[in-house]
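Take a look at the structure below.
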Amino acid sequence: MAKDPVDVCIVGSGAGGAPMALELGRAGFKVVLLEKGAWYKPEDFVHDEILNSRRNFFMPLPWDEPHLWRQGADKPYSRTNEAWTANCVGGGTVHMSGYFYRLKPVDFRLKSELGAIPGANIADWPITYADLAPYYDKAEEELGVSGNATPHPFLEPRTKNYPLPPLASHPVADEIEKACKQLGWHAVRTARGILSTSYRGRNPCVYCTLCGSYGCEHGAKASTNVSLVPPAIATGNVELRPRCMAKEITVDAKGNAKSVVYVDPDGVTQEQPAKIIVVSCTAVESARLLLNSQSGRFPRGLANDNGLVGKNLVFSSFGQSRATFRVSTQAKELKWLDVTAPFIDRSMQDFYLMPDDRHGFRKGGTLGFMWAHPNPIFAAVGIAKKGERGIFGKALKDKLREYRDSRILEFEIYGEFLPTPDTYVSVDQNVKDKYGLPVAAITIKRHPLDFKMTQFLVERGEEVLALLKPEKLERVGTAGETTILQGGTCRFGNDPATSVLDKDCRAHAVKNLYVVDGSFMPTSGGVPFTLTIAANAFRVADRLVQRLKKGA
Amino acid sequence: MTRDDFELDAAAPGDARGEAEAERDGLSRRVFVHRLTFMGGGVVLLGGACKKDEPPPPPKPAQPPPQALVSSHKTFTDPEWATLSAACERILPRDEDPGALDANVPEYIDRMLQTREMEQMRKNFVPGLAALERRAQKMFKTSFATATPEQQDELLTLFKNSPETSGEARWYEMLVVLTMEGFLGDPSYGGNRGEVGWALVGFKLVGRNIKGDPKPPYDGSKRLEELRCGGNRGC
């Protein structure tokens, strides 16, 4: 039986859903916030690598709720938990590292700037950086972002500094700054979605080293389960329903979205009617929900008249190298080696946009410097390797002892990921999850420019690391993608023929349906998406509140 | 090494029935590997997953009858336990620092493979021990557990260097992953006794002694179970 209708039903409580819930609740609208995962409390976030990183605390198991993944339509699928983010209240913002960069003006007009790129389906955004800038300010304030926006040649326009002072940096940050300067480049401070001081009743960071891939037991990360969802509930207008899995969005006779059908924690199917339905389950899972919501009006899936739902999937281009320093032999010379402070918080954006294409590409991205994640099982499995290169026995133990004596400094690339016709999400009717729903099937075929770009950035990063005199410098890879950062599957635009959403992230084909996770982004940009998703959701919420107040 | 030495994969290359089913699934069974990738968590290989749909293979008349579980181990028979313990100790042998047995790694694996999350891995991992044992008998005329360390290493290397998608290579990878988890995971899961694993890699220096660290009577497996069930709500 259907529940009592509400003004707005939001599916997903992460970077997109939570800002919507907060702003709609503040404006006095009745909101139901559905979240497929559990509502973890701070005390649930324990520094247990097995629990956090190697079981289904955050990510579902591939035999319960697989994603299918194939490298090209001619390849077979394999089951994976790739491209999930955390399934819990707060979503991916719970286990994020919180690298809170803004996009730059060029990211909103990539096609105008670069012209068409053969084999890549890039498009300008229907909004500009200036349209989003006030909402970046708002998101930084509401989530609690620490940083210091000192001027540098690549700084995006901003009218105020970050709401919190920067986190303390490891002294190697000074060395990185020197090395970059020597090479004629700039090491700029990375803003973090982590509190450097107490803020709005939340505790500051205690500088433990188990941050990314863990929930914060102090509530110091800008995770929406601590930053936005509690104040949303406190408005008295927002009801959070955790452990509720949306199966389908129904439509009425006119083709408007009518209700969200979901499975409650007891396994009972429920129906929540609402005037407005907002989807924010990640670009992969939102596309899946729409594609699984088939009706007489929308036989190919909700809002999918033009067949573009699930198309133009983008991740973030990934590359990485790591420098190993030996404490026992190098600490005398390198005074900073003994310091165990976790954050470096320095980035390079000198190759964000190349002035010409002499290196074969124009749009690049960001290099972020960080200490290697200290998860010991993760490290040891990496050291043991497998196949012919695999080691065990005494050789493995020697390497583990060497690891104990090491400090590993690395950088990772957040690079433009060009949308291609062969990178998309569909649903596979033959493979169902534990709820009996067809699962998301991801096909990926990267654009060759992505690899050229990533390799160039990795080589530049290696030049910086080399100046720090490491004992060893290794390349991890230049052809990867960061699948927790995802977008594009419901791109926004002014033309209903070439986009799924309008510029307010409302579906062209369904006037009371919004999508507010990364799905709207037609291009990936050269930074992690999280802050942009939150800022855009605040923008969309603003537009929606105005619309609802007018009674439209 | 021939495929019939190992029954980890129900569908060997060219197995018509397997391929047909794979077609229906939209999945190739031969390359059907579950990979768990996590931010900061790396890759956990959980083995082929279609085995659960297969009927159990008929017992071979030459084999001895299955051993009753006479030990305190829940997952392994006594002979399997002996094989497992020997294999783990070769992955991380005791030298000037403690090894896998010092850290109680086999106990971790025994307990972990009882959890619902690892049910699939149990089905793939346990038969691999028998395969290792058969091979030891064939090559060295003795059980794996009583073979010399050099012989044990030779066999493990053979498994390790088998083709990537072979049952042998996948089983070896599972063995390494489980051994590392048991050596370096939270001690509440039964391994890493006395935190000897953390001491070896220096983990205590960087990430510990803060509020979120597990403290007794924390029990990771129990916690996972409770959280999955939504606190007091039954699964």
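Letters A, B, ... go to the chains of the structure tokens in the order shown; residues in each chain start at 1; ligands are counted from 1 in the same order.
Of the residues in range 119-266 of chain A, those given strand (DSSP E) by DSSP on the backbone are Val188, Arg189, Val238, Glu239, Leu240, Arg241, Met245, Ala246, Lys247, Glu248, Ile249, Thr250, Val251, Ala257, Lys258, Ser259, Val260, Val261, Tyr262 and Val263 of chain A.
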Please dump the current selection as a short mmCIF file (atom, residue, chain, number, x, y, z; two decimals), in the first residue's frame; keep C-alpha atoms.
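File written: part_29.cif
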data_model
loop_
_atom_site.label_atom_id
_atom_site.label_comp_id
_atom_site.auth_asym_id
_atom_site.auth_seq_id
_atom_site.Cartn_x
_atom_site.Cartn_y
_atom_site.Cartn_z
CA VAL A 188 49.41 24.70 -4.51
CA ARG A 189 47.55 23.85 -1.34
CA VAL A 238 12.94 15.51 6.50
CA GLU A 239 12.40 11.85 7.25
CA LEU A 240 15.46 9.65 6.61
CA ARG A 241 14.73 6.03 5.77
CA MET A 245 16.48 0.10 -1.74
CA ALA A 246 14.69 1.92 -4.56
CA LYS A 247 13.52 -0.50 -7.23
CA GLU A 248 11.56 1.66 -9.59
CA ILE A 249 10.09 5.09 -10.20
CA THR A 250 6.50 4.87 -11.39
CA VAL A 251 4.76 7.33 -13.68
CA ALA A 257 6.90 10.69 -11.97
CA LYS A 258 4.43 9.42 -9.39
CA SER A 259 6.21 7.41 -6.71
CA VAL A 260 9.33 5.54 -5.70
CA VAL A 261 8.83 1.83 -5.14
CA TYR A 262 11.37 0.48 -2.68
CA VAL A 263 12.21 -2.50 -0.52
#
Using only C-alpha atoms, select each residue of chain A with any atom at most 6 Å away from an atom of chain B, and give the selection as a list in words.
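Contact residues on the first chain: Val46, His47, Ser53, Pro76, Tyr77, Ser78, Arg79, Thr80, Asn81, Thr209, Ser213, Glu217, His373, Ile377, Phe378, Gly387, Glu388, Phe392, Gly393, Leu400, Arg401 and Arg404 of chain A.
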Restricting the output to C-alpha atoms, write the selected residues as a PDB file, in the first residue's frame.
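Below is the file out-v6.pdb, written as the result:
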ATOM      1  CA  VAL A  46      36.410   1.421  13.636  1.00  0.00           C
ATOM      2  CA  HIS A  47      39.938   1.242  12.268  1.00  0.00           C
ATOM      3  CA  SER A  53      38.109  -2.217   3.169  1.00  0.00           C
ATOM      4  CA  PRO A  76      32.887 -10.707 -21.901  1.00  0.00           C
ATOM      5  CA  TYR A  77      31.553  -9.168 -18.706  1.00  0.00           C
ATOM      6  CA  SER A  78      33.035 -10.002 -15.353  1.00  0.00           C
ATOM      7  CA  ARG A  79      31.319  -9.456 -12.044  1.00  0.00           C
ATOM      8  CA  THR A  80      32.887  -6.854  -9.845  1.00  0.00           C
ATOM      9  CA  ASN A  81      32.233  -4.337  -7.117  1.00  0.00           C
ATOM     10  CA  THR A 209      46.454   8.177   9.366  1.00  0.00           C
ATOM     11  CA  SER A 213      38.515   4.403   2.824  1.00  0.00           C
ATOM     12  CA  GLU A 217      34.822   8.346  14.180  1.00  0.00           C
ATOM     13  CA  HIS A 373      47.734   4.599   2.319  1.00  0.00           C
ATOM     14  CA  ILE A 377      46.971  -5.862   4.222  1.00  0.00           C
ATOM     15  CA  PHE A 378      46.601  -3.759   1.103  1.00  0.00           C
ATOM     16  CA  GLY A 387      52.248 -14.956 -11.049  1.00  0.00           C
ATOM     17  CA  GLU A 388      55.867 -15.057 -12.160  1.00  0.00           C
ATOM     18  CA  PHE A 392      56.714 -15.710  -0.880  1.00  0.00           C
ATOM     19  CA  GLY A 393      58.734 -17.103   2.003  1.00  0.00           C
ATOM     20  CA  LEU A 400      57.850  -6.625   4.428  1.00  0.00           C
ATOM     21  CA  ARG A 401      60.731  -5.643   6.720  1.00  0.00           C
ATOM     22  CA  ARG A 404      58.607  -1.195   7.707  1.00  0.00           C
TER      23      ARG A 404
END
Counting only C-alpha atoms, give me one row per residue of range 378-452 of chain A with an atom at most 12 Å from an atom of range 152-175 of chain A, showing the shortest contact pair and its distance in Å to one decimal, sorted by chain then residue number, as JSON lines.
{"residue": "A:Arg407", "atom": "CA", "partner": "A:Val172", "partner_atom": "CA", "distance": 11.3}
{"residue": "A:Ile408", "atom": "CA", "partner": "A:Val172", "partner_atom": "CA", "distance": 11.6}
{"residue": "A:Leu409", "atom": "CA", "partner": "A:Val172", "partner_atom": "CA", "distance": 9.2}
{"residue": "A:Glu410", "atom": "CA", "partner": "A:Val172", "partner_atom": "CA", "distance": 11.7}
